[in-house]
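With mmCIF, C-alpha atoms and all ligand atoms inside, this is final04.cif:
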```cif
data_data
#
loop_
_atom_site.label_atom_id
_atom_site.label_comp_id
_atom_site.auth_asym_id
_atom_site.auth_seq_id
_atom_site.Cartn_x
_atom_site.Cartn_y
_atom_site.Cartn_z
CA MET A 1054 0.00 0.00 0.00
CA ILE A 1055 2.80 2.42 0.91
CA ALA A 1056 4.54 1.60 -2.37
CA ARG A 1057 1.44 2.57 -4.39
CA TYR A 1058 0.85 5.93 -2.67
CA ARG A 1059 4.39 6.74 -1.56
CA GLU A 1060 4.32 10.34 -2.85
CA PHE A 1061 1.42 11.15 -0.48
CA LEU A 1062 2.86 9.45 2.61
CA PRO A 1063 5.45 10.56 5.20
CA VAL A 1064 8.07 7.97 4.23
CA SER A 1065 11.53 8.36 2.74
CA GLU A 1066 14.08 6.10 1.06
CA SER A 1067 15.49 5.25 4.50
CA THR A 1068 12.13 4.19 6.04
CA PRO A 1069 12.05 0.40 6.49
CA ILE A 1070 8.61 -0.50 5.13
CA VAL A 1071 6.68 -2.90 7.36
CA SER A 1072 3.84 -4.31 5.27
CA LEU A 1073 1.48 -7.28 5.25
CA GLY A 1074 -0.12 -6.49 1.90
CA GLU A 1075 -2.80 -4.17 3.31
CA GLY A 1076 -5.06 -1.92 1.22
CA GLY A 1077 -6.43 -2.52 -2.25
CA THR A 1078 -9.77 -3.56 -0.76
CA PRO A 1079 -12.78 -3.92 -3.06
CA LEU A 1080 -15.34 -1.18 -3.60
CA ILE A 1081 -18.49 -3.25 -3.97
CA CYS A 1082 -21.65 -1.86 -5.58
CA SER A 1083 -24.78 -2.61 -3.51
CA PRO A 1084 -27.80 -2.52 -5.83
CA ARG A 1085 -30.18 -3.30 -2.96
CA LEU A 1086 -28.99 -0.32 -0.94
CA GLY A 1087 -29.24 1.71 -4.15
CA GLU A 1088 -32.90 0.69 -4.37
CA ILE A 1089 -33.50 1.80 -0.78
CA VAL A 1090 -32.02 5.23 -1.49
CA GLY A 1091 -33.84 5.48 -4.86
CA ARG A 1092 -33.53 8.38 -7.32
CA ASP A 1093 -30.97 6.51 -9.42
CA CYS A 1094 -28.38 6.78 -6.68
CA GLU A 1095 -25.51 4.31 -6.52
CA VAL A 1096 -24.28 2.92 -3.22
CA TYR A 1097 -20.83 1.36 -2.83
CA LEU A 1098 -19.27 -0.46 0.11
CA LYS A 1099 -15.55 -0.11 0.83
CA TYR A 1100 -14.96 -3.55 2.32
CA GLU A 1101 -12.15 -2.95 4.81
CA GLY A 1102 -12.65 -6.29 6.56
CA LEU A 1103 -10.49 -7.76 3.78
CA ASN A 1104 -7.28 -6.23 5.14
CA PRO A 1105 -4.61 -8.55 6.67
CA THR A 1106 -5.97 -8.34 10.22
CA CYS A 1107 -9.52 -7.87 8.94
CA SER A 1108 -10.03 -4.17 9.66
CA PHE A 1109 -9.15 -0.74 8.23
CA LYS A 1110 -6.59 -0.21 11.00
CA ASP A 1111 -3.90 -1.94 8.92
CA ARG A 1112 -3.67 1.06 6.56
CA GLY A 1113 -2.55 3.36 9.33
CA MET A 1114 -0.53 0.70 11.10
CA THR A 1115 1.79 -0.04 8.17
CA VAL A 1116 2.84 3.63 8.14
CA ALA A 1117 2.97 4.06 11.94
CA VAL A 1118 5.02 0.90 12.48
CA SER A 1119 7.35 1.65 9.56
CA LYS A 1120 8.05 5.09 11.06
CA ALA A 1121 8.46 3.66 14.57
CA ALA A 1122 10.96 1.13 13.21
CA GLU A 1123 12.82 3.96 11.45
CA ARG A 1124 13.11 5.81 14.78
CA GLY A 1125 14.32 2.67 16.51
CA ALA A 1126 11.41 2.36 18.96
CA SER A 1127 11.69 -0.68 21.22
CA THR A 1128 8.02 -0.94 22.15
CA LEU A 1129 4.71 -0.13 20.43
CA ILE A 1130 1.87 0.73 22.75
CA CYS A 1131 -1.81 1.39 22.17
CA ALA A 1132 -5.18 1.57 23.87
CA SER A 1133 -7.88 -0.20 21.94
CA THR A 1134 -11.44 -1.38 21.63
CA GLY A 1135 -9.91 -4.35 19.80
CA ASN A 1136 -9.04 -3.70 16.17
CA THR A 1137 -6.14 -1.32 16.75
CA SER A 1138 -4.60 -3.85 19.14
CA ALA A 1139 -5.01 -6.71 16.65
CA SER A 1140 -3.37 -4.65 13.91
CA ALA A 1141 -0.59 -3.26 16.13
CA ALA A 1142 0.23 -6.76 17.35
CA ALA A 1143 0.54 -8.12 13.81
CA TYR A 1144 2.68 -5.29 12.44
CA ALA A 1145 4.87 -5.33 15.57
CA ALA A 1146 5.47 -9.05 15.04
CA ARG A 1147 6.36 -8.38 11.42
CA ALA A 1148 8.78 -5.61 12.46
CA GLY A 1149 10.29 -7.55 15.35
CA ILE A 1150 9.25 -4.89 17.88
CA ARG A 1151 7.59 -5.55 21.23
CA CYS A 1152 3.88 -4.65 21.44
CA VAL A 1153 1.85 -3.73 24.51
CA VAL A 1154 -1.93 -3.33 24.22
CA VAL A 1155 -4.04 -1.76 26.97
CA LEU A 1156 -7.66 -2.89 26.77
CA PRO A 1157 -10.91 -2.39 28.69
CA ALA A 1158 -11.39 -5.67 30.58
CA GLY A 1159 -14.27 -7.80 29.33
CA LYS A 1160 -15.18 -5.43 26.49
CA ILE A 1161 -13.16 -6.75 23.58
CA ALA A 1162 -14.83 -8.91 20.91
CA SER A 1163 -13.39 -12.42 21.09
CA GLY A 1164 -11.92 -12.52 17.58
CA LYS A 1165 -9.90 -9.38 18.24
CA LEU A 1166 -8.59 -10.63 21.57
CA VAL A 1167 -7.56 -13.91 19.96
CA GLN A 1168 -5.58 -11.92 17.39
CA ALA A 1169 -3.66 -9.89 20.00
CA PHE A 1170 -2.57 -13.09 21.76
CA ALA A 1171 -1.87 -14.97 18.52
CA TYR A 1172 0.50 -12.25 17.28
CA GLY A 1173 2.30 -12.31 20.63
CA ALA A 1174 1.38 -8.93 22.10
CA LYS A 1175 1.59 -8.24 25.82
CA VAL A 1176 -2.09 -7.85 26.69
CA ILE A 1177 -3.00 -5.69 29.68
CA ALA A 1178 -6.66 -5.48 30.70
CA ILE A 1179 -7.68 -2.51 32.85
CA GLU A 1180 -10.66 -1.99 35.11
CA GLY A 1181 -11.90 0.88 33.01
CA ASN A 1182 -13.13 1.75 29.52
CA PHE A 1183 -11.30 2.67 26.31
CA ASP A 1184 -11.10 6.35 27.28
CA ASP A 1185 -9.34 5.44 30.55
CA ALA A 1186 -6.93 3.22 28.61
CA LEU A 1187 -6.06 6.02 26.20
CA VAL A 1188 -5.28 8.41 29.08
CA ILE A 1189 -2.77 5.86 30.43
CA VAL A 1190 -1.22 5.23 27.02
CA ARG A 1191 -0.78 8.97 26.37
CA LYS A 1192 1.23 9.19 29.61
CA LEU A 1193 3.36 6.09 28.97
CA GLY A 1194 3.96 7.08 25.35
CA GLY A 1195 6.07 10.01 26.52
CA ARG A 1196 8.96 7.60 27.05
CA ASP A 1197 11.67 7.85 24.35
CA ASP A 1198 11.71 4.17 23.47
CA PHE A 1199 7.90 3.84 23.24
CA ALA A 1200 5.85 4.61 20.13
CA ILE A 1201 2.10 5.20 20.51
CA VAL A 1202 0.26 3.66 17.58
CA ASN A 1203 -3.21 5.01 18.35
CA SER A 1204 -4.64 7.47 15.82
CA ILE A 1205 -3.27 10.37 17.89
CA ASN A 1206 -0.11 9.38 16.00
CA PRO A 1207 -0.33 11.37 12.72
CA ASP A 1208 1.33 8.53 10.80
CA ARG A 1209 -1.80 6.46 11.43
CA ILE A 1210 -4.03 9.15 9.92
CA ALA A 1211 -1.67 9.52 6.97
CA GLY A 1212 -1.89 5.81 6.17
CA GLN A 1213 -5.66 5.74 6.48
CA MET A 1214 -5.95 8.48 3.82
CA THR A 1215 -5.13 5.81 1.23
CA ALA A 1216 -8.67 4.40 1.44
CA ALA A 1217 -9.95 7.71 0.04
CA PHE A 1218 -7.31 7.59 -2.71
CA GLU A 1219 -8.42 4.09 -3.70
CA ILE A 1220 -12.08 5.12 -3.84
CA VAL A 1221 -11.29 8.04 -6.15
CA ASP A 1222 -9.07 5.81 -8.27
CA ASP A 1223 -11.96 3.32 -8.60
CA LEU A 1224 -14.79 5.81 -9.20
CA GLY A 1225 -12.82 8.31 -11.28
CA ASP A 1226 -13.77 11.07 -8.83
CA ALA A 1227 -14.82 11.50 -5.19
CA PRO A 1228 -18.31 10.25 -4.29
CA ASP A 1229 -21.00 12.79 -3.35
CA PHE A 1230 -21.48 11.36 0.14
CA HIS A 1231 -19.19 9.30 2.33
CA LEU A 1232 -20.70 7.48 5.32
CA LEU A 1233 -18.73 5.76 8.08
CA PRO A 1234 -18.86 4.79 11.75
CA LEU A 1235 -17.44 7.23 14.29
CA GLY A 1236 -15.53 6.01 17.32
CA ASN A 1237 -12.32 7.85 18.08
CA ALA A 1238 -13.09 9.80 14.88
CA GLY A 1239 -9.65 9.21 13.36
CA ASN A 1240 -10.95 7.50 10.25
CA LEU A 1241 -13.37 10.25 9.26
CA THR A 1242 -10.54 12.75 9.80
CA ALA A 1243 -8.23 10.64 7.62
CA TYR A 1244 -10.71 10.20 4.76
CA TRP A 1245 -11.37 13.93 4.62
CA ALA A 1246 -7.63 14.69 4.59
CA GLY A 1247 -7.20 12.09 1.85
CA TYR A 1248 -9.97 13.45 -0.36
CA ARG A 1249 -8.62 16.98 0.03
CA GLN A 1250 -5.06 15.95 -0.72
CA TYR A 1251 -6.14 14.01 -3.81
CA ARG A 1252 -8.09 17.00 -5.09
CA ARG A 1253 -5.08 19.28 -4.57
CA ALA A 1254 -3.04 16.80 -6.61
CA GLY A 1255 -5.59 17.08 -9.44
CA LYS A 1256 -6.77 13.48 -9.04
CA ALA A 1257 -10.35 14.42 -8.08
CA ALA A 1258 -12.58 17.33 -9.09
CA THR A 1259 -14.98 17.22 -6.16
CA LEU A 1260 -15.17 16.48 -2.43
CA PRO A 1261 -17.79 14.39 -0.62
CA ALA A 1262 -20.01 15.36 2.29
CA MET A 1263 -18.71 13.37 5.26
CA ILE A 1264 -21.46 11.71 7.34
CA GLY A 1265 -20.48 9.98 10.59
CA PHE A 1266 -22.65 7.64 12.64
CA GLN A 1267 -22.27 7.03 16.36
CA ALA A 1268 -24.07 4.44 18.47
CA ALA A 1269 -26.88 6.08 20.44
CA GLY A 1270 -25.31 5.01 23.76
CA ALA A 1271 -21.84 6.28 22.79
CA ALA A 1272 -22.52 9.52 20.95
CA PRO A 1273 -20.31 12.30 22.37
CA ILE A 1274 -19.87 14.16 19.09
CA PHE A 1275 -23.58 14.03 18.27
CA LEU A 1276 -24.48 15.21 21.80
CA GLY A 1277 -21.65 17.73 22.03
CA ARG A 1278 -20.43 16.44 25.39
CA ILE A 1279 -18.21 13.70 26.83
CA VAL A 1280 -20.13 10.49 27.60
CA GLU A 1281 -18.77 9.11 30.89
CA ASN A 1282 -20.11 5.55 30.56
CA PRO A 1283 -20.54 4.77 26.87
CA GLU A 1284 -22.52 1.61 26.12
CA THR A 1285 -23.25 -0.12 22.83
CA VAL A 1286 -23.33 -3.58 21.30
CA ALA A 1287 -20.85 -2.19 18.76
CA SER A 1288 -17.87 -2.54 21.12
CA ALA A 1289 -15.45 -1.09 18.54
CA ILE A 1290 -17.07 2.34 18.89
CA ARG A 1291 -17.78 2.22 22.63
CA ILE A 1292 -15.92 5.51 23.11
CA GLY A 1293 -17.05 8.52 25.16
CA ASN A 1294 -14.27 11.04 24.52
CA PRO A 1295 -12.90 10.70 20.97
CA ALA A 1296 -9.26 11.66 20.41
CA SER A 1297 -9.96 13.22 16.99
CA TRP A 1298 -13.13 15.00 18.09
CA LYS A 1299 -12.02 18.46 16.89
CA PRO A 1300 -10.57 17.60 13.46
CA ALA A 1301 -13.50 15.27 12.72
CA SER A 1302 -16.03 17.96 13.64
CA GLN A 1303 -14.14 20.40 11.42
CA ALA A 1304 -14.21 17.88 8.58
CA VAL A 1305 -17.96 17.41 8.97
CA GLU A 1306 -18.49 21.18 8.96
CA ASP A 1307 -16.13 21.91 6.05
CA SER A 1308 -17.62 19.12 3.94
CA LYS A 1309 -21.21 20.18 4.72
CA GLY A 1310 -21.73 16.76 6.22
CA ALA A 1311 -23.41 15.59 9.42
CA VAL A 1312 -23.16 13.41 12.50
CA ASP A 1313 -26.13 11.25 13.45
CA ILE A 1314 -26.86 8.31 15.75
CA VAL A 1315 -28.22 4.80 15.31
CA THR A 1316 -29.56 2.50 18.04
CA ASP A 1317 -28.12 -0.93 18.86
CA ALA A 1318 -31.27 -2.53 17.43
CA GLU A 1319 -30.79 -0.62 14.16
CA ILE A 1320 -27.11 -1.63 14.05
CA LEU A 1321 -27.89 -5.33 14.52
CA ALA A 1322 -30.73 -5.23 11.99
CA ALA A 1323 -28.42 -3.59 9.43
CA GLN A 1324 -25.65 -6.13 10.13
CA HIS A 1325 -28.10 -9.00 9.52
CA TRP A 1326 -29.55 -7.31 6.44
CA LEU A 1327 -26.13 -6.75 4.84
CA ALA A 1328 -25.04 -10.34 5.45
CA THR A 1329 -28.26 -11.93 4.20
CA LYS A 1330 -29.08 -9.52 1.33
CA GLU A 1331 -25.63 -8.71 -0.05
CA GLY A 1332 -23.40 -11.49 1.29
CA ILE A 1333 -21.20 -9.08 3.22
CA PHE A 1334 -20.68 -9.95 6.87
CA VAL A 1335 -19.35 -7.04 8.94
CA GLU A 1336 -18.90 -6.44 12.63
CA PRO A 1337 -21.58 -4.38 14.44
CA ALA A 1338 -19.68 -1.05 14.36
CA SER A 1339 -19.30 -1.40 10.61
CA ALA A 1340 -23.05 -1.78 10.21
CA ALA A 1341 -23.60 1.68 11.75
CA PRO A 1342 -23.35 3.58 8.43
CA ILE A 1343 -25.66 1.03 6.78
CA ALA A 1344 -28.17 1.50 9.60
CA GLY A 1345 -27.64 5.24 9.22
CA LEU A 1346 -28.26 5.17 5.47
CA MET A 1347 -31.49 3.24 6.03
CA LYS A 1348 -32.54 5.65 8.76
CA CYS A 1349 -31.82 8.70 6.65
CA CYS A 1350 -33.82 7.29 3.75
CA ASP A 1351 -36.81 6.68 5.96
CA ALA A 1352 -38.52 10.05 5.60
CA ALA A 1353 -41.11 9.21 8.26
CA ARG A 1354 -38.38 9.20 10.92
CA GLY A 1355 -37.45 12.87 10.78
CA PRO A 1356 -33.69 12.27 10.75
CA ALA A 1357 -31.04 14.82 11.61
CA TYR A 1358 -29.72 14.51 8.10
CA SER A 1359 -32.28 13.89 5.42
CA PHE A 1360 -31.32 11.99 2.33
CA ALA A 1361 -34.37 13.64 0.79
CA GLN A 1362 -31.87 16.39 0.00
CA ILE A 1363 -29.72 14.00 -2.00
CA PRO A 1364 -29.65 14.94 -5.65
CA GLU A 1365 -30.64 12.36 -8.28
CA GLY A 1366 -27.84 10.09 -9.39
CA SER A 1367 -25.67 10.71 -6.34
CA ARG A 1368 -22.86 8.33 -5.58
CA ILE A 1369 -22.69 7.22 -1.95
CA VAL A 1370 -19.82 5.27 -0.39
CA CYS A 1371 -20.12 3.51 2.99
CA THR A 1372 -16.97 2.24 4.63
CA VAL A 1373 -17.56 -1.11 6.31
CA THR A 1374 -14.60 -1.06 8.64
CA GLY A 1375 -14.21 -4.58 10.09
CA HIS A 1376 -15.03 -8.22 9.35
CA GLY A 1377 -18.03 -9.93 10.93
CA LEU A 1378 -15.92 -12.81 12.24
CA LYS A 1379 -14.23 -10.39 14.63
CA ASP A 1380 -17.26 -10.62 16.89
CA PRO A 1381 -18.76 -14.09 16.40
CA GLU A 1382 -20.87 -14.10 19.57
CA ILE A 1383 -22.96 -11.16 18.40
CA ALA A 1384 -24.21 -12.77 15.20
CA GLY A 1385 -24.47 -16.19 16.86
CA THR A 1386 -25.84 -19.35 15.35
CA ASP A 1387 -29.43 -20.47 15.27
CA SER A 1388 -29.61 -23.16 17.95
CA ASP A 1389 -32.47 -25.04 16.20
CA ASP A 1390 -30.39 -25.32 13.03
CA MET A 1391 -27.53 -26.76 15.04
CA LYS A 1392 -29.55 -29.63 16.52
CA ALA A 1393 -28.25 -32.84 14.93
CA VAL A 1394 -30.68 -35.02 12.98
CA ALA A 1395 -30.23 -38.63 11.92
CA ALA A 1396 -27.59 -39.22 9.25
CA ASN A 1397 -29.93 -40.15 6.38
CA GLU A 1398 -31.66 -38.45 3.43
CA GLU A 1399 -35.15 -38.60 4.93
CA ALA A 1400 -34.14 -36.88 8.16
CA VAL A 1401 -32.25 -34.16 6.32
CA LEU A 1402 -35.17 -33.54 3.93
CA ARG A 1403 -37.53 -33.31 6.91
CA ALA A 1404 -35.15 -30.86 8.60
CA ILE A 1405 -35.13 -28.72 5.44
CA GLY A 1406 -38.91 -28.57 5.72
CA PHE A 1407 -40.22 -31.08 3.21
C1 LIG A 1501 -14.53 -1.79 13.14
O1 LIG A 1501 -9.52 -0.43 17.71
O2 LIG A 1501 -10.90 2.65 18.27
O3 LIG A 1501 -13.57 6.66 14.44
O4 LIG A 1501 -9.18 0.92 19.37
O5 LIG A 1501 -12.70 -0.96 15.13
O6 LIG A 1501 -11.36 6.02 13.51
O7 LIG A 1501 -11.98 5.36 15.83
C2 LIG A 1501 -11.59 1.06 16.69
C3 LIG A 1501 -12.48 1.83 16.00
C4 LIG A 1501 -15.02 1.84 13.32
C5 LIG A 1501 -14.10 3.71 14.57
N1 LIG A 1501 -15.12 0.56 12.98
O8 LIG A 1501 -13.07 4.33 13.88
C6 LIG A 1501 -9.75 0.61 18.32
C7 LIG A 1501 -10.78 1.54 17.78
C8 LIG A 1501 -14.37 -0.38 13.57
C9 LIG A 1501 -13.44 -0.01 14.57
C10 LIG A 1501 -14.15 2.27 14.29
C11 LIG A 1501 -13.35 1.35 14.94
P1 LIG A 1501 -12.45 5.69 14.44
#
```
Please re-express this file's structure in structure tokens.
Amino acid sequence: MIARYREFLPVSESTPIVSLGEGGTPLICSPRLGEIVGRDCEVYLKYEGLNPTCSFKDRGMTVAVSKAAERGASTLICASTGNTSASAAAYAARAGIRCVVVLPAGKIASGKLVQAFAYGAKVIAIEGNFDDALVIVRKLGGRDDFAIVNSINPDRIAGQMTAAFEIVDDLGDAPDFHLLPLGNAGNLTAYWAGYRQYRRAGKAATLPAMIGFQAAGAAPIFLGRIVENPETVASAIRIGNPASWKPASQAVEDSKGAVDIVTDAEILAAQHWLATKEGIFVEPASAAPIAGLMKCCDAARGPAYSFAQIPEGSRIVCTVTGHGLKDPEIAGTDSDDMKAVAANEEAVLRAIGF
């Protein structure tokens, strides 16, 4: 990924590139979402679950870890709701650097926790939430030999801009609207920086409106105040005091975008819908923009941001940030379907419903 967009990234000839083949994810057209929006609009999904550790975090991590290696850092450290830690652990392993991840105890989806251990990170669970973990990491990161690889590290944001570059390269221009989930708000900040940089370089003629969706129980930016005890089924975005609050709000304002909320029930319904109607299985946080798109198209609901204002033929991109297998317990399996029947044709036909 760094090789493809080198001219836009903060790397030099002497930067040792630490890569696992991230980026280059598909931009998948969703005709069924297009139908829901109507007015000849096209909806595309940027499927970031297909990165090496199955989330968008790998784009920023390849740059952040390459730069940390260049500086000779001995230890990478991050706070995480799960995906940053999985990605940091993998890239640290690849670079041969120690990795410490500070996580809210009991609040990490099982697939992400498995990844941190599998890649050999030192996992430290705290009796607190993500925001508490980030406060600790900010303090520890002041040490010379430590490199913080949260998105407060500008190298992370720089790497994540490449998703916007890829979208413009695929569509031939920026989309009209870009929807994504908002947690720490680094990704929205990165996309906006990427779209702007690509336009300055003459690669795009237009800029999208940036629309961010928070979970109703973890919606500090929407509410305009810190949420002390954020709660949502979408554990990736269970964040009450986002690090990139200011730049993300500026991006929303400058792009004439919006921030809205979706409930846990809407998130889970959208996750199920996307898996069963389009064959794309994403983790709950990643379903937030899909739930948001559906909400905004439902005129009866009186949304904060009405897609009734969307011009005919608009192109809408939703970033689906992480793979569904990250959080297997949430989707679950239907217990009736898992009950064993006799091992013969008749029993199987009966179980099918004949
Ligand atoms: C799947 O891993 O904050 O608004 O520590 O894992 O850039 O924070 C993850 C965030 C969306 C929100 N979707 O992105 C972490 C972490 C998924 C995520 C977000 C996250 P930002």
Within-9 Å residues of ligand LIG 1501 (chain A), basis only C-alpha atoms and all ligand atoms, as a VMD selection string = chain A and resid 1101 to 1102 1107 to 1110 1131 to 1140 1156 1165 1183 1203 to 1204 1210 1233 to 1243 1265 1267 1287 to 1292 1295 to 1297 1301 1335 to 1341 1372 to 1376 1379
request  = Identify the residues within 10 Å of coordinate (-22.4, -1.1, -6.0) (same frame as the file), considering all atoms listed in the file, and give the answer as number ranges by chain.
outcome  = A: 1080-1087, 1094-1099, 1368-1370
key: Nearest residue to Gln1168 (chain A) from the set A:Pro1300, A:Pro1079, A:Pro1105, A:Gly1270 (distances using only C-alpha atoms)   =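 Checking each of A:Pro1300, A:Pro1079, A:Pro1105, A:Gly1270 against Gln1168 (chain A), counting only C-alpha atoms, the winner is A:Pro1105.
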key: Nearest to Lys1175 (chain A) by atom-to-atom distance, counting all atoms listed in the file, from A:Val1116, A:Ile1130, A:Leu1276, A:Ala1122   =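 Between A:Val1116, A:Ile1130, A:Leu1276, A:Ala1122, the residue approaching Lys1175 (chain A) most closely is A:Ile1130.
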Do you know which residues are at most 12 Å from Phe1218 (chain A) counting all atoms listed in the file, after dropping those on the same chain fewer than 6 positions away, and could you put them as a PDB file with C-alpha atoms, in the coordinates of the input?
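Ended up saving to out_13.pdb:
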```
ATOM      1  CA  MET A1054       0.000   0.000   0.000  1.00  0.00           C
ATOM      2  CA  ILE A1055       2.800   2.420   0.910  1.00  0.00           C
ATOM      3  CA  ARG A1057       1.440   2.570  -4.390  1.00  0.00           C
ATOM      4  CA  TYR A1058       0.850   5.930  -2.670  1.00  0.00           C
ATOM      5  CA  ARG A1059       4.390   6.740  -1.560  1.00  0.00           C
ATOM      6  CA  GLU A1060       4.320  10.340  -2.850  1.00  0.00           C
ATOM      7  CA  PHE A1061       1.420  11.150  -0.480  1.00  0.00           C
ATOM      8  CA  LEU A1062       2.860   9.450   2.610  1.00  0.00           C
ATOM      9  CA  GLY A1076      -5.060  -1.920   1.220  1.00  0.00           C
ATOM     10  CA  GLY A1077      -6.430  -2.520  -2.250  1.00  0.00           C
ATOM     11  CA  THR A1078      -9.770  -3.560  -0.760  1.00  0.00           C
ATOM     12  CA  LEU A1080     -15.340  -1.180  -3.600  1.00  0.00           C
ATOM     13  CA  LYS A1099     -15.550  -0.110   0.830  1.00  0.00           C
ATOM     14  CA  ARG A1112      -3.670   1.060   6.560  1.00  0.00           C
ATOM     15  CA  ALA A1211      -1.670   9.520   6.970  1.00  0.00           C
ATOM     16  CA  GLY A1212      -1.890   5.810   6.170  1.00  0.00           C
ATOM     17  CA  LEU A1224     -14.790   5.810  -9.200  1.00  0.00           C
ATOM     18  CA  GLY A1225     -12.820   8.310 -11.280  1.00  0.00           C
ATOM     19  CA  ASP A1226     -13.770  11.070  -8.830  1.00  0.00           C
ATOM     20  CA  ALA A1227     -14.820  11.500  -5.190  1.00  0.00           C
ATOM     21  CA  PRO A1228     -18.310  10.250  -4.290  1.00  0.00           C
ATOM     22  CA  ALA A1243      -8.230  10.640   7.620  1.00  0.00           C
ATOM     23  CA  TYR A1244     -10.710  10.200   4.760  1.00  0.00           C
ATOM     24  CA  TRP A1245     -11.370  13.930   4.620  1.00  0.00           C
ATOM     25  CA  ALA A1246      -7.630  14.690   4.590  1.00  0.00           C
ATOM     26  CA  GLY A1247      -7.200  12.090   1.850  1.00  0.00           C
ATOM     27  CA  TYR A1248      -9.970  13.450  -0.360  1.00  0.00           C
ATOM     28  CA  ARG A1249      -8.620  16.980   0.030  1.00  0.00           C
ATOM     29  CA  GLN A1250      -5.060  15.950  -0.720  1.00  0.00           C
ATOM     30  CA  TYR A1251      -6.140  14.010  -3.810  1.00  0.00           C
ATOM     31  CA  ARG A1252      -8.090  17.000  -5.090  1.00  0.00           C
ATOM     32  CA  ALA A1254      -3.040  16.800  -6.610  1.00  0.00           C
ATOM     33  CA  GLY A1255      -5.590  17.080  -9.440  1.00  0.00           C
ATOM     34  CA  LYS A1256      -6.770  13.480  -9.040  1.00  0.00           C
ATOM     35  CA  ALA A1257     -10.350  14.420  -8.080  1.00  0.00           C
ATOM     36  CA  LEU A1260     -15.170  16.480  -2.430  1.00  0.00           C
TER      37      LEU A1260
END
```
message = Between CA of Leu1193 (chain A) and CA of Ala1169 (chain A), what distance in Å does the model show, to one decimal?
response =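 These atoms are spaced 19.6 Å apart.
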Between CA of Ile1363 (chain A) and CA of Leu1346 (chain A), distance in Å (one decimal) = 11.7 Å
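Take CA of Ala1148 (chain A) and CA of Ala1174 (chain A): the distance between them is 12.6 Å.
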ask   = Given the choices A:Asp1317, A:Asp1198, A:Glu1088, A:Glu1398, which gets closest to Ala1121 (chain A) if the distance is worked out from only C-alpha atoms?
value = A:Asp1198
query = In terms of the shortest atom-to-atom distance over all atoms listed in the file, which of A:Pro1283, A:Gly1277, A:Ser1163, A:Phe1334 is closest to Leu1103 (chain A)?
reply =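 Answer, going by the shortest atom-to-atom distance: A:Phe1334.
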Take every atom of region 1245-1258 of chain A listed in the file, pad by 6 Å on each side, and give me the axis-aligned box centre and edge lengths in Å, one decimal, as AutoDock Vina command-line options.
```
--center_x -7.8 --center_y 15.7 --center_z -2.4 --size_x 21.5 --size_y 19.2 --size_z 26.1
```
inquiry  = I'd like to know which of A:Asp1111, A:Glu1123, A:Asp1184, A:Asp1229 is closest to Ile1070 (chain A), using only C-alpha atoms.
reply    =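 Distance minimum relative to Ile1070 (chain A) lands on A:Glu1123.
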task = Would you please work out which residue, of A:Ala1384, A:Ala1396, A:Val1071, A:Met1114, is nearest to Pro1207 (chain A) when using all atoms listed in the file?
result =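 When distances to Pro1207 (chain A) are compared using all atoms listed in the file, the smallest one comes from A:Met1114.
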Residues around (-33.9, 10.3, -7.7), cut-off 10 Å, counting only C-alpha atoms - what are they as a JSON list (two decimals) with C-alpha atoms, in the frame of the given file?
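Written output follows (part-v1.json):
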```json
[["chain", "number", "residue", "atom", "x", "y", "z"],
["A", 1090, "VAL", "CA", -32.02, 5.23, -1.49],
["A", 1091, "GLY", "CA", -33.84, 5.48, -4.86],
["A", 1092, "ARG", "CA", -33.53, 8.38, -7.32],
["A", 1093, "ASP", "CA", -30.97, 6.51, -9.42],
["A", 1094, "CYS", "CA", -28.38, 6.78, -6.68],
["A", 1361, "ALA", "CA", -34.37, 13.64, 0.79],
["A", 1363, "ILE", "CA", -29.72, 14.00, -2.00],
["A", 1364, "PRO", "CA", -29.65, 14.94, -5.65],
["A", 1365, "GLU", "CA", -30.64, 12.36, -8.28],
["A", 1366, "GLY", "CA", -27.84, 10.09, -9.39],
["A", 1367, "SER", "CA", -25.67, 10.71, -6.34]]
```
Spatial neighbours of Lys1192 (chain A), max dist 12 Å, all atoms listed in the file, sep filter under 5 positions, as an NGL selection string = :A and (1130-1132 or 1185-1187 or 1197 or 1199-1201)
